[in-house]
Structures are given as C-alpha cells and as structure tokens.
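S.K.: Contents are mmCIF, C-alpha atoms and all ligand atoms; file name my_file15.cif:
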```cif
data_coords
#
loop_
_atom_site.group_PDB
_atom_site.id
_atom_site.type_symbol
_atom_site.label_atom_id
_atom_site.label_comp_id
_atom_site.auth_asym_id
_atom_site.auth_seq_id
_atom_site.Cartn_x
_atom_site.Cartn_y
_atom_site.Cartn_z
ATOM 1 C CA MET O 18 -19.904 -13.443 -39.034
ATOM 2 C CA GLN O 19 -23.244 -12.021 -40.171
ATOM 3 C CA ALA O 20 -25.033 -14.568 -37.981
ATOM 4 C CA LEU O 21 -23.198 -13.193 -34.943
ATOM 5 C CA LEU O 22 -23.524 -9.494 -35.835
ATOM 6 C CA GLN O 23 -27.291 -9.876 -36.205
ATOM 7 C CA THR O 24 -27.549 -10.835 -32.539
ATOM 8 C CA LEU O 25 -25.442 -7.894 -31.266
ATOM 9 C CA LYS O 26 -26.547 -4.313 -30.645
ATOM 10 C CA PRO O 27 -25.118 -2.118 -33.423
ATOM 11 C CA GLY O 28 -22.493 0.204 -31.981
ATOM 12 C CA SER O 29 -22.064 -1.850 -28.769
ATOM 13 C CA PRO O 30 -18.467 -2.781 -27.774
ATOM 14 C CA GLU O 31 -19.150 -6.414 -28.768
ATOM 15 C CA TRP O 32 -20.480 -5.378 -32.162
ATOM 16 C CA VAL O 33 -17.503 -3.065 -32.806
ATOM 17 C CA LEU O 34 -15.059 -5.818 -31.847
ATOM 18 C CA ALA O 35 -16.864 -8.469 -33.906
ATOM 19 C CA ARG O 36 -16.960 -6.127 -36.920
ATOM 20 C CA SER O 37 -13.201 -5.578 -36.647
ATOM 21 C CA LEU O 38 -12.530 -9.310 -37.165
ATOM 22 C CA ASP O 39 -11.619 -10.707 -40.566
ATOM 23 C CA PRO O 40 -14.203 -13.460 -41.215
ATOM 24 C CA ALA O 41 -11.792 -15.187 -43.596
ATOM 25 C CA ARG O 42 -9.141 -15.604 -40.908
ATOM 26 C CA LEU O 43 -11.042 -17.115 -38.024
ATOM 27 C CA PRO O 44 -9.658 -20.281 -36.408
ATOM 28 C CA SER O 45 -11.151 -23.561 -37.661
ATOM 29 C CA HIS O 46 -10.761 -25.204 -34.298
ATOM 30 C CA ILE O 47 -10.570 -23.539 -30.892
ATOM 31 C CA GLY O 48 -9.553 -25.363 -27.718
ATOM 32 C CA VAL O 49 -10.360 -23.885 -24.312
ATOM 33 C CA ILE O 50 -8.886 -24.671 -20.900
ATOM 34 C CA MET O 51 -11.631 -23.278 -18.682
ATOM 35 C CA ASP O 52 -9.645 -22.420 -15.552
ATOM 36 C CA GLY O 53 -10.167 -20.265 -12.465
ATOM 37 C CA ASN O 54 -13.599 -21.379 -11.252
ATOM 38 C CA GLY O 55 -12.236 -22.089 -7.766
ATOM 39 C CA ARG O 56 -10.363 -18.790 -7.482
ATOM 40 C CA TRP O 57 -13.388 -16.896 -8.785
ATOM 41 C CA ALA O 58 -15.446 -18.444 -5.986
ATOM 42 C CA ASN O 59 -12.723 -17.882 -3.332
ATOM 43 C CA SER O 60 -12.453 -14.221 -4.252
ATOM 44 C CA ARG O 61 -16.181 -13.904 -3.441
ATOM 45 C CA SER O 62 -16.004 -16.056 -0.283
ATOM 46 C CA LEU O 63 -18.187 -18.637 -2.016
ATOM 47 C CA PRO O 64 -17.733 -22.421 -2.089
ATOM 48 C CA ARG O 65 -15.793 -23.784 -5.081
ATOM 49 C CA ALA O 66 -18.991 -25.375 -6.375
ATOM 50 C CA ALA O 67 -20.404 -21.872 -6.934
ATOM 51 C CA GLY O 68 -17.483 -21.144 -9.252
ATOM 52 C CA HIS O 69 -18.168 -24.266 -11.318
ATOM 53 C CA LYS O 70 -21.864 -23.393 -11.470
ATOM 54 C CA ALA O 71 -21.028 -19.871 -12.638
ATOM 55 C CA GLY O 72 -18.858 -21.494 -15.319
ATOM 56 C CA VAL O 73 -21.872 -22.864 -17.183
ATOM 57 C CA GLU O 74 -22.956 -19.510 -18.668
ATOM 58 C CA PRO O 75 -19.573 -18.816 -20.359
ATOM 59 C CA VAL O 76 -19.760 -22.354 -21.799
ATOM 60 C CA ARG O 77 -23.132 -21.499 -23.326
ATOM 61 C CA MET O 78 -21.885 -18.137 -24.677
ATOM 62 C CA THR O 79 -18.670 -19.607 -26.119
ATOM 63 C CA VAL O 80 -20.517 -22.460 -27.826
ATOM 64 C CA GLU O 81 -23.157 -20.186 -29.317
ATOM 65 C CA THR O 82 -20.655 -17.543 -30.472
ATOM 66 C CA CYS O 83 -18.401 -20.127 -32.138
ATOM 67 C CA ALA O 84 -21.433 -21.638 -33.877
ATOM 68 C CA ARG O 85 -22.473 -18.214 -35.180
ATOM 69 C CA LEU O 86 -18.932 -17.548 -36.383
ATOM 70 C CA ASN O 87 -18.945 -20.790 -38.386
ATOM 71 C CA VAL O 88 -16.017 -22.212 -36.439
ATOM 72 C CA HIS O 89 -15.602 -25.898 -37.378
ATOM 73 C CA SER O 90 -14.728 -27.336 -33.956
ATOM 74 C CA LEU O 91 -14.649 -26.165 -30.377
ATOM 75 C CA THR O 92 -13.077 -28.365 -27.694
ATOM 76 C CA LEU O 93 -13.787 -27.567 -24.045
ATOM 77 C CA TYR O 94 -11.731 -29.136 -21.260
ATOM 78 C CA ALA O 95 -14.481 -30.059 -18.808
ATOM 79 C CA PHE O 96 -12.884 -32.826 -16.714
ATOM 80 C CA SER O 97 -9.365 -34.198 -16.897
ATOM 81 C CA VAL O 98 -8.137 -37.667 -15.981
ATOM 82 C CA GLU O 99 -6.321 -35.902 -13.123
ATOM 83 C CA ASN O 100 -9.462 -34.169 -11.787
ATOM 84 C CA TRP O 101 -10.473 -37.364 -9.908
ATOM 85 C CA LYS O 102 -7.865 -36.290 -7.328
ATOM 86 C CA ARG O 103 -10.207 -33.498 -6.154
ATOM 87 C CA PRO O 104 -12.421 -33.948 -3.082
ATOM 88 C CA ARG O 105 -15.325 -36.308 -3.767
ATOM 89 C CA THR O 106 -17.920 -33.553 -3.229
ATOM 90 C CA GLU O 107 -16.280 -31.347 -5.868
ATOM 91 C CA VAL O 108 -16.073 -34.223 -8.356
ATOM 92 C CA GLU O 109 -19.772 -34.922 -7.754
ATOM 93 C CA THR O 110 -20.602 -31.241 -8.321
ATOM 94 C CA LEU O 111 -18.795 -31.344 -11.660
ATOM 95 C CA TRP O 112 -20.722 -34.450 -12.779
ATOM 96 C CA ARG O 113 -24.014 -32.936 -11.609
ATOM 97 C CA LEU O 114 -23.297 -29.807 -13.610
ATOM 98 C CA LEU O 115 -22.414 -31.810 -16.671
ATOM 99 C CA ARG O 116 -25.683 -33.751 -16.458
ATOM 100 C CA TYR O 117 -27.580 -30.481 -15.945
ATOM 101 C CA TYR O 118 -25.837 -28.990 -18.988
ATOM 102 C CA LEU O 119 -26.597 -32.013 -21.153
ATOM 103 C CA ARG O 120 -30.273 -32.066 -20.167
ATOM 104 C CA LYS O 121 -30.809 -28.323 -20.436
ATOM 105 C CA GLU O 122 -28.674 -27.477 -23.431
ATOM 106 C CA VAL O 123 -29.631 -30.058 -26.032
ATOM 107 C CA ALA O 124 -32.434 -27.784 -27.271
ATOM 108 C CA HIS O 125 -29.934 -24.918 -27.549
ATOM 109 C CA LEU O 126 -27.487 -27.163 -29.441
ATOM 110 C CA MET O 127 -30.290 -28.154 -31.819
ATOM 111 C CA GLN O 128 -31.355 -24.533 -32.390
ATOM 112 C CA ASN O 129 -27.764 -23.674 -33.283
ATOM 113 C CA ASN O 130 -27.159 -26.732 -35.512
ATOM 114 C CA ILE O 131 -24.361 -27.971 -33.222
ATOM 115 C CA ARG O 132 -23.054 -31.555 -33.128
ATOM 116 C CA LEU O 133 -22.032 -32.690 -29.680
ATOM 117 C CA ARG O 134 -19.175 -35.139 -29.236
ATOM 118 C CA ALA O 135 -17.282 -36.314 -26.192
ATOM 119 C CA ILE O 136 -13.573 -37.088 -26.054
ATOM 120 C CA GLY O 137 -11.779 -38.928 -23.272
ATOM 121 C CA ARG O 138 -11.922 -42.293 -21.536
ATOM 122 C CA LEU O 139 -15.700 -42.437 -21.645
ATOM 123 C CA ASP O 140 -15.924 -46.108 -20.691
ATOM 124 C CA GLU O 141 -14.789 -45.125 -17.169
ATOM 125 C CA LEU O 142 -17.771 -42.785 -16.642
ATOM 126 C CA SER O 143 -20.823 -43.742 -14.598
ATOM 127 C CA SER O 144 -23.678 -45.332 -16.515
ATOM 128 C CA GLU O 145 -25.961 -42.334 -15.750
ATOM 129 C CA ILE O 146 -23.517 -39.875 -17.307
ATOM 130 C CA ARG O 147 -22.860 -42.206 -20.220
ATOM 131 C CA LYS O 148 -26.582 -42.517 -20.914
ATOM 132 C CA GLU O 149 -27.171 -38.738 -20.905
ATOM 133 C CA LEU O 150 -24.076 -38.155 -22.979
ATOM 134 C CA ASP O 151 -24.939 -40.813 -25.555
ATOM 135 C CA ALA O 152 -28.497 -39.468 -25.812
ATOM 136 C CA ALA O 153 -27.323 -35.876 -26.398
ATOM 137 C CA ILE O 154 -24.715 -37.048 -28.924
ATOM 138 C CA ALA O 155 -27.323 -39.110 -30.801
ATOM 139 C CA THR O 156 -29.883 -36.263 -30.796
ATOM 140 C CA THR O 157 -27.406 -33.781 -32.284
ATOM 141 C CA ALA O 158 -25.620 -36.229 -34.627
ATOM 142 C CA GLY O 159 -27.508 -35.047 -37.726
ATOM 143 C CA ASN O 160 -26.553 -31.384 -37.262
ATOM 144 C CA SER O 161 -24.062 -29.931 -39.713
ATOM 145 C CA GLY O 162 -22.650 -26.884 -37.911
ATOM 146 C CA LEU O 163 -20.093 -26.490 -35.130
ATOM 147 C CA ILE O 164 -18.662 -29.673 -33.638
ATOM 148 C CA LEU O 165 -18.580 -29.252 -29.870
ATOM 149 C CA ASN O 166 -16.106 -31.687 -28.306
ATOM 150 C CA LEU O 167 -16.492 -31.966 -24.560
ATOM 151 C CA ALA O 168 -13.256 -33.321 -23.118
ATOM 152 C CA ILE O 169 -14.437 -35.502 -20.245
ATOM 153 C CA ASN O 170 -12.148 -37.803 -18.274
ATOM 154 C CA TYR O 171 -9.655 -36.598 -20.843
ATOM 155 C CA GLY O 172 -5.862 -36.613 -20.841
ATOM 156 C CA GLY O 173 -3.594 -35.798 -23.774
ATOM 157 C CA ARG O 174 -1.199 -38.602 -22.862
ATOM 158 C CA THR O 175 -3.966 -41.174 -22.421
ATOM 159 C CA GLU O 176 -5.357 -40.096 -25.802
ATOM 160 C CA ILE O 177 -2.014 -40.843 -27.481
ATOM 161 C CA VAL O 178 -1.665 -44.156 -25.620
ATOM 162 C CA ASP O 179 -5.232 -45.106 -26.609
ATOM 163 C CA ALA O 180 -4.482 -44.229 -30.248
ATOM 164 C CA VAL O 181 -1.344 -46.395 -30.266
ATOM 165 C CA ASN O 182 -3.221 -49.319 -28.696
ATOM 166 C CA ARG O 183 -6.003 -49.016 -31.263
ATOM 167 C CA ILE O 184 -3.439 -49.075 -34.062
ATOM 168 C CA ILE O 185 -1.843 -52.197 -32.563
ATOM 169 C CA ASP O 186 -5.237 -53.912 -32.108
ATOM 170 C CA GLU O 187 -6.283 -53.163 -35.679
ATOM 171 C CA ALA O 188 -2.970 -54.455 -37.038
ATOM 172 C CA ARG O 189 -3.229 -57.603 -34.909
ATOM 173 C CA ARG O 190 -6.759 -58.296 -36.137
ATOM 174 C CA ALA O 191 -5.646 -57.757 -39.740
ATOM 175 C CA GLY O 192 -2.598 -60.049 -39.220
ATOM 176 C CA ARG O 193 -0.223 -57.139 -40.000
ATOM 177 C CA LEU O 194 1.390 -56.787 -36.584
ATOM 178 C CA ASP O 195 4.858 -57.957 -37.687
ATOM 179 C CA ASP O 196 5.405 -55.160 -40.183
ATOM 180 C CA LEU O 197 3.446 -52.468 -38.328
ATOM 181 C CA LYS O 198 4.856 -48.945 -38.721
ATOM 182 C CA VAL O 199 3.256 -45.864 -37.161
ATOM 183 C CA ASP O 200 3.529 -42.442 -38.738
ATOM 184 C CA GLU O 201 2.067 -39.020 -37.934
ATOM 185 C CA ASP O 202 -0.953 -39.519 -40.198
ATOM 186 C CA SER O 203 -1.869 -42.921 -38.815
ATOM 187 C CA LEU O 204 -1.512 -41.696 -35.234
ATOM 188 C CA GLY O 205 -3.560 -38.561 -35.952
ATOM 189 C CA ASN O 206 -6.258 -40.710 -37.553
ATOM 190 C CA HIS O 207 -6.654 -42.713 -34.351
ATOM 191 C CA LEU O 208 -6.951 -39.790 -31.932
ATOM 192 C CA TYR O 209 -10.322 -38.977 -30.378
ATOM 193 C CA THR O 210 -10.493 -35.912 -32.662
ATOM 194 C CA ALA O 211 -9.676 -37.822 -35.882
ATOM 195 C CA GLY O 212 -11.094 -36.135 -38.964
ATOM 196 C CA GLN O 213 -11.280 -32.689 -37.378
ATOM 197 C CA PRO O 214 -8.843 -29.849 -38.062
ATOM 198 C CA GLU O 215 -6.142 -29.323 -35.447
ATOM 199 C CA PRO O 216 -6.732 -26.402 -33.073
ATOM 200 C CA ASP O 217 -5.494 -23.086 -34.458
ATOM 201 C CA LEU O 218 -6.119 -21.306 -31.192
ATOM 202 C CA LEU O 219 -5.836 -22.531 -27.607
ATOM 203 C CA ILE O 220 -7.360 -20.234 -25.003
ATOM 204 C CA ARG O 221 -6.598 -20.619 -21.302
ATOM 205 C CA THR O 222 -8.292 -18.492 -18.697
ATOM 206 C CA SER O 223 -7.016 -17.443 -15.232
ATOM 207 C CA GLY O 224 -3.462 -16.609 -16.258
ATOM 208 C CA GLU O 225 -1.794 -20.009 -15.779
ATOM 209 C CA MET O 226 0.912 -20.668 -18.385
ATOM 210 C CA ARG O 227 0.364 -24.411 -18.654
ATOM 211 C CA ILE O 228 -1.044 -26.908 -21.147
ATOM 212 C CA SER O 229 -2.239 -29.297 -18.390
ATOM 213 C CA ASN O 230 -2.251 -32.410 -20.582
ATOM 214 C CA PHE O 231 -4.773 -30.939 -23.054
ATOM 215 C CA LEU O 232 -4.721 -31.976 -26.743
ATOM 216 C CA LEU O 233 -0.965 -32.551 -26.558
ATOM 217 C CA TRP O 234 -0.631 -33.928 -30.074
ATOM 218 C CA GLN O 235 -3.106 -31.613 -31.780
ATOM 219 C CA ILE O 236 -1.771 -28.273 -30.469
ATOM 220 C CA ALA O 237 1.647 -28.634 -32.087
ATOM 221 C CA TYR O 238 1.094 -25.401 -34.052
ATOM 222 C CA ALA O 239 -1.788 -23.817 -32.147
ATOM 223 C CA GLU O 240 -1.512 -20.185 -31.153
ATOM 224 C CA LEU O 241 -1.664 -19.905 -27.367
ATOM 225 C CA TYR O 242 -3.742 -17.169 -25.766
ATOM 226 C CA VAL O 243 -3.769 -16.780 -22.001
ATOM 227 C CA THR O 244 -6.039 -14.276 -20.297
ATOM 228 C CA GLU O 245 -6.021 -13.347 -16.603
ATOM 229 C CA THR O 246 -9.844 -13.487 -16.592
ATOM 230 C CA TYR O 247 -11.298 -16.311 -14.495
ATOM 231 C CA TRP O 248 -13.552 -18.644 -16.488
ATOM 232 C CA PRO O 249 -16.847 -17.518 -14.879
ATOM 233 C CA ASP O 250 -16.049 -13.928 -16.013
ATOM 234 C CA PHE O 251 -15.137 -14.964 -19.560
ATOM 235 C CA ASN O 252 -17.731 -13.077 -21.592
ATOM 236 C CA ARG O 253 -18.262 -12.462 -25.286
ATOM 237 C CA ILE O 254 -15.915 -9.456 -25.297
ATOM 238 C CA ALA O 255 -13.181 -11.659 -23.801
ATOM 239 C CA LEU O 256 -13.737 -14.288 -26.500
ATOM 240 C CA LEU O 257 -13.732 -11.709 -29.303
ATOM 241 C CA GLU O 258 -10.529 -10.207 -27.858
ATOM 242 C CA ALA O 259 -8.910 -13.640 -28.034
ATOM 243 C CA LEU O 260 -9.941 -13.907 -31.685
ATOM 244 C CA LYS O 261 -8.615 -10.414 -32.372
ATOM 245 C CA ALA O 262 -5.260 -11.325 -30.779
ATOM 246 C CA TYR O 263 -5.200 -14.532 -32.837
ATOM 247 C CA GLN O 264 -5.659 -12.560 -36.059
ATOM 248 C CA LYS O 265 -2.604 -10.452 -35.211
ATOM 249 C CA ARG O 266 -0.350 -13.516 -34.942
ATOM 250 C CA ASP O 267 2.151 -14.304 -37.666
ATOM 251 C CA ARG O 268 1.716 -18.068 -38.158
ATOM 252 C CA ARG O 269 4.733 -19.563 -39.884
ATOM 253 C CA PHE O 270 4.436 -23.291 -39.078
ATOM 254 C CA GLY O 271 8.222 -23.520 -38.957
ATOM 255 C CA GLY O 272 8.605 -21.710 -42.284
ATOM 256 C CA ILE O 273 9.044 -18.028 -43.002
ATOM 257 C CA ARG O 274 6.570 -15.256 -43.652
ATOM 258 C CA GLN O 275 4.807 -15.445 -47.044
ATOM 259 C CA ALA O 276 5.893 -11.986 -48.164
ATOM 260 C CA PRO O 277 9.214 -11.272 -46.460
ATOM 261 C CA VAL O 278 9.936 -7.663 -45.583
ATOM 262 C CA PRO O 279 12.784 -6.497 -47.898
ATOM 263 C CA PRO O 280 16.082 -6.014 -46.033
ATOM 264 C CA ALA O 281 16.840 -2.500 -44.854
ATOM 265 C CA ALA O 282 19.486 -0.631 -46.884
ATOM 266 C CA ASP O 283 22.237 -1.305 -44.336
ATOM 267 C CA GLU O 284 21.251 -4.943 -43.701
ATOM 268 C CA PRO O 285 23.346 -7.513 -45.655
ATOM 269 C CA VAL O 286 21.327 -9.709 -48.016
ATOM 270 C CA LEU O 287 22.017 -13.455 -47.818
ATOM 271 C CA GLU O 288 24.147 -13.612 -51.001
ATOM 272 C CA ALA O 289 26.455 -10.929 -49.606
ATOM 273 C CA VAL O 290 27.124 -12.846 -46.390
ATOM 274 C CA SER O 291 29.996 -15.323 -46.551
ATOM 275 C CA LEU O 292 28.759 -18.691 -45.295
ATOM 276 C CA PRO O 293 30.963 -21.520 -44.023
ATOM 277 C CA THR O 294 31.357 -24.214 -46.698
ATOM 278 C CA ARG O 295 30.873 -27.065 -44.211
HETATM 279 C C1 LIG Q 301 -10.985 -25.491 -13.667
HETATM 280 O O1 LIG Q 301 -11.133 -24.548 -12.641
HETATM 281 C C2 LIG Q 301 -12.279 -25.957 -14.113
HETATM 282 C C3 LIG Q 301 -12.696 -27.256 -14.101
HETATM 283 C C4 LIG Q 301 -11.869 -28.356 -13.590
HETATM 284 C C5 LIG Q 301 -14.042 -27.637 -14.549
HETATM 285 C C6 LIG Q 301 -14.629 -26.896 -15.688
HETATM 286 C C7 LIG Q 301 -16.080 -27.015 -15.551
HETATM 287 C C8 LIG Q 301 -16.972 -26.057 -15.830
HETATM 288 C C9 LIG Q 301 -16.639 -24.777 -16.461
HETATM 289 C C10 LIG Q 301 -18.405 -26.339 -15.462
HETATM 290 C C11 LIG Q 301 -19.349 -26.476 -16.559
HETATM 291 C C12 LIG Q 301 -18.839 -27.222 -17.743
HETATM 292 C C13 LIG Q 301 -19.655 -27.845 -18.624
HETATM 293 C C14 LIG Q 301 -19.090 -28.417 -19.855
HETATM 294 C C15 LIG Q 301 -21.082 -27.942 -18.401
HETATM 295 P P1 LIG Q 301 -10.468 -24.846 -11.225
HETATM 296 O O2 LIG Q 301 -11.491 -25.503 -10.388
HETATM 297 O O3 LIG Q 301 -9.224 -25.628 -11.403
HETATM 298 O O4 LIG Q 301 -10.166 -23.401 -10.732
HETATM 299 P P2 LIG Q 301 -8.951 -22.956 -9.779
HETATM 300 O O5 LIG Q 301 -7.680 -23.258 -10.531
HETATM 301 O O6 LIG Q 301 -9.172 -21.493 -9.591
HETATM 302 O O7 LIG Q 301 -9.071 -23.736 -8.509
#
```
Is it possible to give me this structure as structure tokens?
Ligand code: FPP
M.R.:
Amino acid sequence: MQALLQTLKPGSPEWVLARSLDPARLPSHIGVIMDGNGRWANSRSLPRAAGHKAGVEPVRMTVETCARLNVHSLTLYAFSVENWKRPRTEVETLWRLLRYYLRKEVAHLMQNNIRLRAIGRLDELSSEIRKELDAAIATTAGNSGLILNLAINYGGRTEIVDAVNRIIDEARRAGRLDDLKVDEDSLGNHLYTAGQPEPDLLIRTSGEMRISNFLLWQIAYAELYVTETYWPDFNRIALLEALKAYQKRDRRFGGIRQAPVPPAADEPVLEAVSLPTR
C-alpha cells in the first residue's frame, strides 16, 4: 500500500480512496474482463480500433497499481477463443496492439518487478506473436512481484478440456490410465493458472452481466464487480472503487459469517424452533 501511496498526491481523491483501503484485505488475485472498447469508440464516432488503442493505458495503470498494492496475480482477458469471429481488420488491430504492448512495456514490467505469463491456446498464435510473447515472458521470468497473466486465445471451457487431456496424457504415459480418477485438486493443478491463488475479485467493465467464458473454474468463489465504465475510461479511481466495494463484501464461501450477529430479542433461536425429525 505504501508503494502506491508514495506515487499519489497527498489529499487527492485517489490518495484518499487508497488510504481508506485495508491493506490486509486486498484480493490476492484479480481477474478483469476489459469490455466496452467498441462502444467507447462508437460514442465518439471513432473506429473500433481507436477504442482498443485507448484500452492500452488502463492496462498499464491496472498492472502498475496492482503491482504497487502487492497483489499476487492479475489476469487480463485480452483475446478470447471466440474473438476470431470479429472482422479480420479488428483481429489484426488487436494483435498489433498486443505486439506493441509487449515491445513497449517490458521495461515497465521490469521496473515494477512483474512476471509476465500468458494463458490460452498459445500454440495457435502466429509465430511472430509467439516469439514476442516468449521473449517478454523469459525476460521477466526472474521477477518476484505481481504475476501478470495475459489471457490470449483463451476460453474457460477450452482451459478445462486442455487440463483434462493433460491429465489423461500423463496417466497414459505413466501406465496408470486404467485406474485414473480426477478430483478438484488434480484438475486445478493442470489449469493454465496452476499454482496461483484463485481470483478473489472479478471486475467487468461496460455494465454487461456476463462471465463470457473467462476463468470458469477459478472464479467459483470470486466476488463479481461490474462497472458501467467503458474499459478505455477505467482509471485508477475506478480500480480503487472496485477494491473498496470488494472490501465491503461478506465472503462466506458457502459457510456462515465468522461472528454471527446475535438474534434480536423477538427472533427465535435455533433450539427454540421445532424441527422436523426426518
Ligand atoms: C472488449 O471490448 C475488448 C477486447 C476484445 C480486447 C481487449 C483489448 C485491449 C484492452 C487492448 C490492449 C490489451 C493489451 C493486453 C495490450 P469490445 O471490443 O468487445 O467492446 P464492445 O463490447 O463495446 O464492442
């Protein structure tokens, strides 16, 4: 938290908001569905590509802020397995922007001690993208701070299918296929994000109430936060507001609150309620 506060102007709205956060209760892993680039551009009579281009700055801000807040992992949904359905020119714009980001931002990732990773069906990417991606991943591999997962050619269902196939392949190679059993731990350990905490907070911009095939397995207990703000307008205040909202949530993971509120005087306690015997 101190690392973030040092970069903010004391007394500014960002500083006040950041100071109001409890550093002990920040999410370990944040997932972001960066949505609304197209609508942002449309609302300004600009081509959709301009919206994607304007989406690079919030990526930079979100990455840097999460690094300064000591968040363990940040996963950004950059390109889904379904995004190939978009017009070819838009798909090319997205790949150009990704290459631009990788080339330009590696120095920034290094300065902020960030480890870059990529999740998705990476073997289906062009060799140029693969090369840039592998180089950036290798350059930042020795860093020990935030893990930045870029979800590229990613789908939550394909991730689960890939995990199951890897489990089957490993069992076949070990000659254990006949008595293979899959459980939650073994499946989780074969996901692209294996070894990282599950997202505590999933942010989606632009107001859509959908998961869109993002981290389907991992978000089982994530807190969902949807803001009407389009991704290109998602600034540090918007991110800090999401964190503030997250800290107000009562996370029960299917259980009950740690310190239950005592029943009101006129509310029957459990022992006083007659329960059916069967
Ligand atoms: C969704 O908005 C956004 C995407 C499919 C791409 C996200 C890409 C960026 C933010 C560009 C930079 C990213 C990196 C990692 C360098 P949309 O096009 O679906 O918007 P719409 O729903 O308003 O049409």
S.K.: What residues have any atom no more than 6 Å from ligand LIG 301 (chain Q) when counting all atoms listed in the file, and can you list them as a list in words?
M.R.: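 I would give the residues around ligand LIG 301 (chain Q) as Met51, Asp52, Gly53, Asn54, Gly55, Arg56, His69, Gly72, Val73, Ala95, Phe96, Leu114, Leu115 and Tyr118 of chain O.
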S.K.: Have a look at O:Ala35, O:Leu197, O:Ala180, O:Ile146 and name the one nearest to Ala255 in chain O; count all atoms listed in the file.
M.R.: O:Ala35
S.K.: Please determine, counting only C-alpha atoms, which residue among O:Ile254, O:Lys265, O:Lys198, O:Gly272 has the shortest atom-to-atom distance to Ser29 in chain O.
M.R.: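 For Ser29 in chain O, the nearest of the candidates is O:Ile254.
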S.K.: Find the residue from O:Asn59, O:Ser161, O:Thr79, O:Asn130 that sits nearest to Leu91 in chain O; use all atoms listed in the file when measuring.
M.R.: O:Thr79
S.K.: Pick from O:Ile131, O:Leu241, O:Leu208, O:Ala262: nearest to Val49 in chain O, with all atoms listed in the file counted?
M.R.: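 The shortest atom-to-atom distance to Val49 in chain O comes from O:Leu241.
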S.K.: Range 45-49 of chain O, all listed atoms, 8 Å padding on each side: what axis-aligned box centre and edge lengths in Å to one decimal come out, as JSON?
M.R.:
```
{"center_x": -10.4, "center_y": -24.5, "center_z": -31.0, "size_x": 17.6, "size_y": 17.8, "size_z": 29.3}
```
S.K.: Could you give me, as a ChimeraX atom specification, the residues within 12 Å of Leu25 in chain O, counting all atoms listed in the file and dropping anything in the same chain fewer than 4 positions from it?
M.R.: /O:18-21,29-36,82,85,253-254
